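Here is the structure we will look at.
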Amino acid sequence: MSSDRHGTKLLRASSCQIARLRRVHNLRRNQSLDDALIGGREKRQIVIADYDPRWPVRFEAERIRIEHALGWRATRVEHIGSTAVPDLPAKPIIDVLVTVNDPNDDLHLVPALTAAGYELRVREPGHRMFRTPQLDVHTHIWADTDPEVQRYIGFRDRLRRSADDRHAYAHLKRELARHDWTDMNEYANAKGALIEDILARAEDRSKPG
């Protein structure tokens, strides 16, 4: 067998192995998602709306409701996601980040937020997501020390500062919204590469020197 043919065979085998590993990774990710979702997957139309100055006002109302429901357990309440970025088109869903000492404390968190009008949608280790019955508010619960907290805040702040990143992110979202998605999480995953690029720029800017 010539070296070229041998190299081609190895490359083909390597490509197959990579594809197989990707399939395994996707299966595991999907299984993890299915285990975390309360009520299973949902097919919903992705609608991207122009920025609405009422979104921060709505967040403030939700912040008050959450702080009243959780009391001292809520150590931080932040407006995150695209609706927290002026001039950025977004799905008209207010994303709220709440930090607590123990995100796995369902004994206290679930009754308190349920009484305040939220429904538990996601339960996974170290993270809970509650939403309104109208599906227009998503409230994420993490520990203050969770790296996801800084990622969400860093991403929001970078988009607030950078018009170029806002434009690129808005363009991608509008393009993706044209597609038919079996689940909103698939749409979110499709934004992953650009999100990581934007986060990398945010981290570079935060470094001293």
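We label chains A, B, ... in the order they appear in the structure tokens, count residues from 1 in each chain, and number ligands from 1 in the order shown.
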
*Contact residues around segment 50-66 of chain A with only C-alpha atoms at 8 Å, ignoring same-chain residues under 6 positions, as a ChimeraX atom specification*: /A:74,77-79,83-84,86-90,94,96,113,116

Residue neighbourhood segment 137-150 of chain A, 7 Å, only C-alpha atoms, exclusion window fewer than 5 positions, as a PDB file with C-alpha atoms, in the first residue's frame:
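Final file, around-v1.pdb:
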```
ATOM      1  CA  ILE A  93     -38.344  36.888  26.964  1.00  0.00           C
ATOM      2  CA  ILE A  94     -36.814  38.548  30.024  1.00  0.00           C
ATOM      3  CA  ASP A  95     -33.859  36.543  31.342  1.00  0.00           C
ATOM      4  CA  VAL A  96     -33.092  36.981  35.032  1.00  0.00           C
ATOM      5  CA  LEU A  97     -30.012  35.713  36.851  1.00  0.00           C
ATOM      6  CA  VAL A  98     -30.435  35.010  40.577  1.00  0.00           C
ATOM      7  CA  THR A  99     -27.654  33.803  42.833  1.00  0.00           C
ATOM      8  CA  VAL A 100     -28.265  31.941  46.078  1.00  0.00           C
ATOM      9  CA  ASN A 101     -26.116  30.019  48.527  1.00  0.00           C
ATOM     10  CA  ASP A 102     -27.512  26.647  47.434  1.00  0.00           C
ATOM     11  CA  PRO A 103     -29.232  26.359  44.016  1.00  0.00           C
ATOM     12  CA  GLY A 126     -26.213  23.588  40.516  1.00  0.00           C
ATOM     13  CA  HIS A 127     -28.850  25.223  38.310  1.00  0.00           C
ATOM     14  CA  ARG A 128     -32.583  25.765  38.277  1.00  0.00           C
ATOM     15  CA  MET A 129     -34.685  27.666  35.767  1.00  0.00           C
ATOM     16  CA  PHE A 130     -38.165  28.930  36.538  1.00  0.00           C
ATOM     17  CA  ARG A 131     -40.486  30.677  34.091  1.00  0.00           C
ATOM     18  CA  THR A 132     -43.805  32.479  34.030  1.00  0.00           C
TER      19      THR A 132
END
```

*Name the residues of segment 96-141 of chain A that come out as helix (DSSP H, G or I) in a backbone DSSP run; write them as a VMD selection string.*
chain A and resid 106 to 115

Now that the selection is made, can you save its residues with N, CA and C atoms as a JSON list (two decimals), in the first residue's frame?
```json
[["chain", "number", "residue", "atom", "x", "y", "z"],
["A", 106, "ASP", "N", -34.20, 22.79, 46.76],
["A", 106, "ASP", "CA", -35.58, 22.77, 46.26],
["A", 106, "ASP", "C", -36.61, 22.92, 47.38],
["A", 107, "LEU", "N", -36.25, 22.51, 48.58],
["A", 107, "LEU", "CA", -37.18, 22.55, 49.70],
["A", 107, "LEU", "C", -37.69, 23.98, 49.95],
["A", 108, "HIS", "N", -36.80, 24.97, 49.75],
["A", 108, "HIS", "CA", -37.19, 26.36, 49.98],
["A", 108, "HIS", "C", -37.43, 27.13, 48.68],
["A", 109, "LEU", "N", -36.59, 26.90, 47.68],
["A", 109, "LEU", "CA", -36.67, 27.69, 46.46],
["A", 109, "LEU", "C", -37.95, 27.41, 45.66],
["A", 110, "VAL", "N", -38.28, 26.15, 45.49],
["A", 110, "VAL", "CA", -39.42, 25.80, 44.65],
["A", 110, "VAL", "C", -40.74, 26.33, 45.22],
["A", 111, "PRO", "N", -41.06, 26.10, 46.50],
["A", 111, "PRO", "CA", -42.31, 26.64, 47.02],
["A", 111, "PRO", "C", -42.37, 28.16, 46.96],
["A", 112, "ALA", "N", -41.25, 28.82, 47.26],
["A", 112, "ALA", "CA", -41.24, 30.28, 47.28],
["A", 112, "ALA", "C", -41.51, 30.86, 45.90],
["A", 113, "LEU", "N", -40.84, 30.35, 44.90],
["A", 113, "LEU", "CA", -41.01, 30.90, 43.56],
["A", 113, "LEU", "C", -42.32, 30.43, 42.92],
["A", 114, "THR", "N", -42.77, 29.24, 43.27],
["A", 114, "THR", "CA", -44.08, 28.79, 42.79],
["A", 114, "THR", "C", -45.19, 29.68, 43.33],
["A", 115, "ALA", "N", -45.10, 30.03, 44.60],
["A", 115, "ALA", "CA", -46.10, 30.92, 45.21],
["A", 115, "ALA", "C", -46.07, 32.30, 44.58]]
```

*Just how far from atom CA of Lys173 of chain A is atom CA of Val85 of chain A, in Å to one decimal?*
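So the answer is 14.2 Å.
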
*Secondary structure check, strand (DSSP E or B) residues of chain A, as a PyMOL selection string*: chain A and resi 37+49+76-80+90+94-100+119-124+127-131+137-143

_Just checking: using only C-alpha atoms, which residue out of A:Arg123, A:Lys43, A:Arg201, A:Arg178 ends up closest to Asp164 of chain A?_
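Closest candidate: A:Arg201.
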